[in-house]
>>> print(open('my_file16.tsv').read())   # TSV, C-alpha atoms
chain	number	residue	atom	x	y	z
T	694	MET	CA	100.07	38.36	2.84
T	695	SER	CA	97.05	36.06	2.83
T	696	ARG	CA	94.08	36.33	0.50
T	697	VAL	CA	92.11	38.41	3.01
T	698	GLY	CA	94.87	40.97	3.58
T	699	VAL	CA	96.15	39.37	6.77
T	700	ALA	CA	99.91	39.01	7.15
T	701	VAL	CA	101.26	35.61	8.17
T	702	LEU	CA	104.50	35.39	10.15
T	703	ASP	CA	105.87	31.87	10.56
T	704	LEU	CA	108.21	31.80	13.56
T	705	ARG	CA	108.11	28.04	14.12
T	706	ALA	CA	111.72	27.60	13.03
T	707	GLU	CA	112.80	30.18	15.62
T	708	GLN	CA	111.19	28.37	18.53
T	709	PRO	CA	114.01	26.64	20.48
T	710	ASN	CA	113.58	23.04	21.50
T	711	PRO	CA	112.99	22.96	24.37
T	712	PRO	CA	111.62	26.48	24.72
T	713	PRO	CA	112.60	28.33	27.89
T	714	PRO	CA	110.02	28.75	30.66
T	715	VAL	CA	108.09	32.03	30.62
T	716	ARG	CA	108.04	33.75	34.01
T	717	GLY	CA	108.84	30.39	35.55
T	718	LYS	CA	106.07	28.51	33.74
T	719	VAL	CA	106.80	25.65	31.35
T	720	LYS	CA	104.56	25.96	28.29
T	721	HIS	CA	105.32	22.59	26.67
T	722	LYS	CA	105.39	18.93	27.62
T	723	ILE	CA	109.07	17.96	27.74
T	724	TYR	CA	110.53	14.45	27.62
T	725	ARG	CA	114.27	13.76	27.66
T	726	GLY	CA	115.03	17.40	27.01
T	727	LYS	CA	112.79	17.87	23.96
T	728	VAL	CA	109.19	18.86	23.32
T	729	VAL	CA	106.91	15.84	22.97
T	730	ARG	CA	105.65	15.40	19.43
T	731	ARG	CA	102.08	14.17	19.13
T	732	ASP	CA	100.78	11.53	16.75
T	733	HIS	CA	99.43	13.46	13.74
T	734	SER	CA	96.61	10.96	13.23
T	735	LYS	CA	95.22	11.73	16.69
T	736	ILE	CA	95.02	15.52	16.39
T	737	THR	CA	91.33	16.03	15.71
T	738	GLY	CA	90.43	19.60	16.61
T	739	VAL	CA	91.20	23.20	17.50
T	740	THR	CA	90.72	24.91	20.86
T	741	VAL	CA	89.88	28.63	20.64
T	742	HIS	CA	91.21	31.04	23.28
T	743	GLN	CA	91.41	34.75	24.01
T	744	THR	CA	94.69	36.06	25.40
T	745	ALA	CA	92.90	38.23	28.01
T	746	CYS	CA	95.63	40.83	27.42
T	747	ILE	CA	97.10	43.16	24.81
T	748	PHE	CA	100.73	42.60	23.90
T	749	GLY	CA	103.38	45.29	23.57
T	750	PRO	CA	105.51	47.07	22.72
T	751	LYS	CA	103.15	49.06	20.52
T	752	ASN	CA	105.96	50.87	18.69
T	753	ASP	CA	107.89	47.73	17.70
T	754	LEU	CA	105.84	45.26	15.70
T	755	ARG	CA	108.69	42.77	15.35
T	756	ALA	CA	109.15	42.54	19.11
T	757	ARG	CA	105.39	42.50	19.64
T	758	HIS	CA	104.85	39.61	17.26
T	759	ARG	CA	107.74	37.64	18.74
T	760	ARG	CA	105.87	37.67	22.04
T	761	ALA	CA	103.89	34.80	20.51
T	762	LEU	CA	106.90	32.53	21.02
T	763	GLY	CA	106.25	32.71	24.76
T	764	VAL	CA	102.53	32.00	24.53
T	765	ALA	CA	101.14	28.49	24.87
T	766	CYS	CA	99.55	28.21	21.42
T	767	HIS	CA	100.18	27.04	17.89
T	768	ALA	CA	98.95	30.28	16.33
T	769	LEU	CA	98.23	33.76	17.68
T	770	ALA	CA	95.95	36.24	15.91
T	771	PHE	CA	97.04	39.87	16.39
T	772	GLY	CA	93.89	41.60	15.16
T	773	ALA	CA	95.08	45.14	15.85
T	774	ASP	CA	97.67	44.89	13.05
T	775	ARG	CA	96.08	42.01	11.08
T	776	THR	CA	98.92	39.55	11.62
T	777	VAL	CA	98.85	35.82	12.30
T	778	VAL	CA	101.93	34.35	13.98
T	779	LEU	CA	102.60	30.62	13.79
T	780	ALA	CA	104.48	30.05	17.04
T	781	ASN	CA	104.99	26.29	17.46
T	782	PRO	CA	105.17	23.25	15.17
T	783	LEU	CA	101.66	21.86	14.93
T	784	ASP	CA	102.56	18.47	16.36
T	785	TRP	CA	104.24	19.93	19.47
T	786	TYR	CA	102.53	19.19	22.76
T	787	VAL	CA	101.70	22.68	24.07
T	788	TYR	CA	99.98	23.33	27.39
T	789	HIS	CA	97.17	25.49	25.99
T	790	GLY	CA	93.89	23.74	26.72
T	791	ASN	CA	94.04	21.41	29.72
T	792	LEU	CA	92.72	18.00	28.65
T	793	PHE	CA	92.51	19.19	25.02
T	794	ASN	CA	96.32	19.50	24.92
T	795	ALA	CA	96.95	15.97	23.69
T	796	TYR	CA	94.77	16.13	20.58
T	797	GLU	CA	93.96	19.72	19.63
T	798	LEU	CA	95.71	22.76	18.17
T	799	GLY	CA	95.65	25.96	20.21
T	800	LEU	CA	94.50	29.25	18.66
T	801	GLU	CA	94.89	32.43	20.73
T	802	ILE	CA	93.10	35.66	19.75
T	803	GLU	CA	94.59	38.83	21.19
T	804	GLY	CA	92.34	40.92	23.41
T	805	HIS	CA	90.41	40.90	26.65
T	806	PHE	CA	86.89	40.04	25.63
T	807	PRO	CA	83.87	39.64	27.91
T	808	GLY	CA	82.20	36.29	28.45
T	809	LEU	CA	78.86	37.87	27.56
T	810	GLU	CA	78.11	40.80	25.30
T	811	ASP	CA	76.17	43.72	26.75
T	812	ASP	CA	72.40	43.45	26.38
T	813	PRO	CA	70.88	46.97	25.96
T	814	ALA	CA	67.54	45.62	27.18
T	815	THR	CA	68.97	45.08	30.66
T	816	THR	CA	70.16	48.68	31.24
T	817	PRO	CA	71.77	49.71	33.56
T	818	ARG	CA	73.19	46.21	34.00
T	819	ARG	CA	76.35	45.63	31.92
T	820	GLU	CA	76.84	41.94	31.18
T	821	ASP	CA	80.13	42.67	29.45
T	822	LEU	CA	81.65	44.42	32.48
T	823	ALA	CA	80.38	41.69	34.79
T	824	THR	CA	82.00	38.92	32.74
T	825	ILE	CA	85.36	40.42	31.76
T	826	TRP	CA	88.55	38.68	32.94
T	827	GLY	CA	90.26	40.63	35.72
T	828	GLY	CA	87.94	43.65	35.60
T	829	LYS	CA	89.61	45.13	32.51
T	830	ALA	CA	87.97	47.36	29.92
T	831	PRO	CA	86.51	45.08	27.23
T	832	SER	CA	88.20	44.95	23.84
T	833	LYS	CA	85.99	45.62	20.83
T	834	ILE	CA	85.56	42.84	18.31
T	835	THR	CA	86.42	44.67	15.11
T	836	THR	CA	86.47	43.54	11.49
T	837	ASP	CA	90.26	43.29	11.82
T	838	THR	CA	89.89	41.03	14.87
T	839	VAL	CA	87.47	38.74	13.07
T	840	ASP	CA	89.37	38.61	9.77
T	841	THR	CA	92.66	37.80	11.52
T	842	ALA	CA	91.17	35.18	13.81
T	843	ARG	CA	89.39	33.48	10.93
T	844	GLU	CA	92.55	33.42	8.82
T	845	ALA	CA	94.54	31.99	11.73
T	846	LEU	CA	91.95	29.26	12.13
T	847	ARG	CA	91.90	28.52	8.40
T	848	LEU	CA	95.69	28.21	8.39
T	849	LEU	CA	95.72	25.82	11.34
T	850	VAL	CA	93.08	23.61	9.77
T	851	THR	CA	94.67	23.68	6.30
T	852	LEU	CA	98.26	23.12	7.48
T	853	GLY	CA	97.20	20.53	10.00
T	854	ARG	CA	95.29	18.50	7.43
T	855	GLU	CA	98.24	18.74	5.04
T	856	GLU	CA	100.34	17.13	7.81
T	857	GLY	CA	97.84	14.29	8.15
T	858	MET	CA	95.80	15.59	11.09
T	859	PRO	CA	92.08	14.66	10.79
T	860	ILE	CA	90.88	17.98	12.18
T	861	GLU	CA	87.12	17.76	12.63
T	862	PHE	CA	86.09	19.61	15.80
T	863	ILE	CA	86.35	23.05	17.37
T	864	HIS	CA	86.02	23.77	21.08
T	865	ALA	CA	86.21	26.69	23.50
T	866	HIS	CA	88.83	26.67	26.25
T	867	ARG	CA	86.01	27.01	28.80
T	868	GLN	CA	84.98	23.45	27.87
T	869	SER	CA	88.14	22.11	29.49
T	870	SER	CA	88.85	24.67	32.22
T	871	GLY	CA	87.20	25.54	35.48
T	872	THR	CA	88.82	29.00	35.57
T	873	ARG	CA	88.40	30.16	31.94
T	874	ARG	CA	84.65	30.70	31.93
T	875	SER	CA	84.87	33.64	29.50
T	876	ASP	CA	87.32	31.98	27.13
T	877	PRO	CA	86.99	32.92	24.29
T	878	GLY	CA	83.71	34.78	24.93
T	879	GLN	CA	80.28	35.08	23.34
T	880	GLY	CA	81.30	37.51	20.59
T	881	LEU	CA	84.29	35.52	19.37
T	882	TRP	CA	82.39	32.23	19.53
T	883	LYS	CA	79.73	33.63	17.24
T	884	ALA	CA	82.00	35.49	14.80
T	885	VAL	CA	84.80	32.94	14.50
T	886	VAL	CA	83.11	29.62	15.24
T	887	LEU	CA	79.39	29.78	14.41
T	888	ASP	CA	79.70	32.18	11.46
T	889	TYR	CA	82.92	30.78	9.96
T	890	ALA	CA	84.41	27.58	11.36
T	891	VAL	CA	81.17	25.64	11.03
T	892	PRO	CA	79.69	26.89	7.72
T	893	VAL	CA	82.94	27.61	5.84
T	894	LEU	CA	85.54	25.20	7.21
T	895	GLY	CA	83.05	22.44	8.01
T	896	LEU	CA	84.18	22.01	11.61
T	897	LYS	CA	81.83	20.58	14.21
T	898	THR	CA	81.03	21.97	17.63
T	899	GLN	CA	80.12	19.86	20.64
T	900	PRO	CA	78.33	22.41	22.86
T	901	TRP	CA	77.24	19.72	25.30
T	902	ARG	CA	80.79	18.56	25.92
T	903	ALA	CA	82.74	19.53	29.03
T	904	ILE	CA	85.86	17.65	30.09
T	905	GLY	CA	87.65	17.76	33.41
T	906	GLU	CA	86.50	20.88	35.26
T	907	GLY	CA	85.22	22.53	32.08
T	908	ARG	CA	81.82	24.01	31.28
T	909	THR	CA	79.45	23.44	28.39
T	910	ILE	CA	78.82	26.11	25.77
T	911	PRO	CA	75.95	28.20	27.19
T	912	LYS	CA	72.73	29.03	25.38
T	913	LYS	CA	73.76	32.71	25.50
T	914	TRP	CA	76.65	31.82	23.15
T	915	ASP	CA	75.04	29.28	20.90
T	916	PRO	CA	71.42	28.32	20.01
T	917	GLN	CA	72.54	24.72	20.42
T	918	GLY	CA	74.17	25.51	23.74
T	919	VAL	CA	73.52	23.75	27.02
T	920	GLY	CA	72.61	25.56	30.22
T	921	PRO	CA	73.42	29.03	31.60
T	922	TYR	CA	76.63	31.05	31.30
>>> encode(input="my_file16.tsv", output="structure tokens")
Amino acid sequence: MSRVGVAVLDLRAEQPNPPPPVRGKVKHKIYRGKVVRRDHSKITGVTVHQTACIFGPKNDLRARHRRALGVACHALAFGADRTVVLANPLDWYVYHGNLFNAYELGLEIEGHFPGLEDDPATTPRREDLATIWGGKAPSKITTDTVDTAREALRLLVTLGREEGMPIEFIHAHRQSSGTRRSDPGQGLWKAVVLDYAVPVLGLKTQPWRAIGEGRTIPKKWDPQGVGPY
């Protein structure tokens, strides 16, 4: 149990090398039958994601947490039961963030969160419903969600730096993807990045940065953001 009452489950030793495809999709970069290991000195940041789903089975926590082994990430924050799962060795090349794959760690936060939070001043318009992935009911960002996501991020930064990774930056998946506009979403960006990663962990954002088909961080998410959602 961590210092904030979040359980940490390290499954890295249980991840086979190479891992099997998940529903036909390869989640890792493979070379000569093994996962490619990245140069520690070149891993400089963390990419934050939302899973856009809720994992089951609800009545079997062990099976639920082991679902992380099939997710393209280095850590997965299960806020509903306050558990962080470390799913892949930190130097493994995981296909989590498009062009960020080569030099960032991937953090997934369980839930389907809207790209924009609802603005009561625009009633009856619902920004959250208009910006949710796949038309699902939005997940609430609870204290448990935030505590677990923050602890997962702290672990990645701490463990990564202990392995010699000069982790300095934090980015949203939307900054490297043309199809993940709501990833991780306004609420998570504020609670996990602006209110914790920057002031507590000392990480730097680059809201103006968009690589490949990605989008900048919008002003709706961040006072230093660039452009519209």
>>> closest_residue(input="my_file16.tsv", among="T:Ala700, T:Val741, T:Ala865, T:Leu894", to="Ala773 (chain T)", atoms="only C-alpha atoms")
T:Ala700
>>> closest_residue(input="my_file16.tsv", among="T:Trp882, T:Tyr922, T:Trp901, T:Tyr786", to="Asn710 (chain T)", atoms="only C-alpha atoms")
T:Tyr786
>>> atom_distance(input="my_file16.tsv", atom1="CA of Leu798 (chain T)", atom2="CA of Leu896 (chain T)")
13.3 Å
>>> closest_residue(input="my_file16.tsv", among="T:Thr851, T:Thr836, T:Gln879, T:Thr815", to="Trp914 (chain T)", atoms="only C-alpha atoms")
T:Gln879
>>> residues_around(input="my_file16.tsv", residues="Arg757 (chain T)", least_positions_apart="5", cutoff="10 Å", atoms="only C-alpha atoms", output="PyMOL selection string")
chain T and resi 747-752+771
>>> write_last_selection(input="my_file16.tsv", atoms="C-alpha atoms", output="CSV table (one decimal), in the frame of the given file")
chain,number,residue,atom,x,y,z
T,747,ILE,CA,97.1,43.2,24.8
T,748,PHE,CA,100.7,42.6,23.9
T,749,GLY,CA,103.4,45.3,23.6
T,750,PRO,CA,105.5,47.1,22.7
T,751,LYS,CA,103.2,49.1,20.5
T,752,ASN,CA,106.0,50.9,18.7
T,771,PHE,CA,97.0,39.9,16.4
>>> residues_around(input="my_file16.tsv", residues="Val701 (chain T)", least_positions_apart="4", cutoff="7 Å", atoms="all atoms listed in the file", output="MDAnalysis selection string")
chainID T and resid 694:695 776:778
>>> atom_distance(input="my_file16.tsv", atom1="CA of Pro892 (chain T)", atom2="CA of Asp703 (chain T)")
26.8 Å
>>> residues_near_point(input="my_file16.tsv", point="(89.4, 42.3, 35.9)", cutoff="12 Å", atoms="all atoms listed in the file", output="ChimeraX atom specification")
/T:745-746,805-808,821-831,875
>>> write_last_selection(input="my_file16.tsv", atoms="C-alpha atoms", output="PDB file, in the frame of the given file")
ATOM      1  CA  ALA T 745      92.900  38.230  28.010  1.00  0.00           C
ATOM      2  CA  CYS T 746      95.630  40.830  27.420  1.00  0.00           C
ATOM      3  CA  HIS T 805      90.410  40.900  26.650  1.00  0.00           C
ATOM      4  CA  PHE T 806      86.890  40.040  25.630  1.00  0.00           C
ATOM      5  CA  PRO T 807      83.870  39.640  27.910  1.00  0.00           C
ATOM      6  CA  GLY T 808      82.200  36.290  28.450  1.00  0.00           C
ATOM      7  CA  ASP T 821      80.130  42.670  29.450  1.00  0.00           C
ATOM      8  CA  LEU T 822      81.650  44.420  32.480  1.00  0.00           C
ATOM      9  CA  ALA T 823      80.380  41.690  34.790  1.00  0.00           C
ATOM     10  CA  THR T 824      82.000  38.920  32.740  1.00  0.00           C
ATOM     11  CA  ILE T 825      85.360  40.420  31.760  1.00  0.00           C
ATOM     12  CA  TRP T 826      88.550  38.680  32.940  1.00  0.00           C
ATOM     13  CA  GLY T 827      90.260  40.630  35.720  1.00  0.00           C
ATOM     14  CA  GLY T 828      87.940  43.650  35.600  1.00  0.00           C
ATOM     15  CA  LYS T 829      89.610  45.130  32.510  1.00  0.00           C
ATOM     16  CA  ALA T 830      87.970  47.360  29.920  1.00  0.00           C
ATOM     17  CA  PRO T 831      86.510  45.080  27.230  1.00  0.00           C
ATOM     18  CA  SER T 875      84.870  33.640  29.500  1.00  0.00           C
TER      19      SER T 875
END
>>> closest_residue(input="my_file16.tsv", among="T:Arg725, T:Arg902, T:Lys912, T:Arg716", to="Val764 (chain T)", atoms="only C-alpha atoms")
T:Arg716
>>> atom_distance(input="my_file16.tsv", atom1="CA of Thr744 (chain T)", atom2="CA of Ile802 (chain T)")
5.9 Å
>>> closest_residue(input="my_file16.tsv", among="T:Asp811, T:Glu797, T:Asp837, T:Glu803", to="Thr740 (chain T)", atoms="only C-alpha atoms")
T:Glu797
>>> closest_residue(input="my_file16.tsv", among="T:Leu846, T:Val893, T:Ile834, T:Leu887", to="Gln917 (chain T)", atoms="only C-alpha atoms")
T:Leu887
>>> residues_near_point(input="my_file16.tsv", point="(87.7, 26.0, 33.1)", cutoff="9 Å", atoms="all atoms listed in the file", output="ChimeraX atom specification")
/T:791,866-876,905-908
>>> residues_around(input="my_file16.tsv", residues="Trp785 (chain T)", least_positions_apart="3", cutoff="7 Å", atoms="all atoms listed in the file", output="NGL selection string")
:T and (728-731 or 781-782)
>>> residues_around(input="my_file16.tsv", residues="region 847-849 of chain T", least_positions_apart="4", cutoff="12 Å", atoms="only C-alpha atoms", output="NGL selection string")
:T and (695-697 or 699-703 or 736-741 or 766-770 or 777-784 or 797-801 or 840-843 or 853-856 or 858-861 or 863 or 885-886 or 889-891 or 893-896)
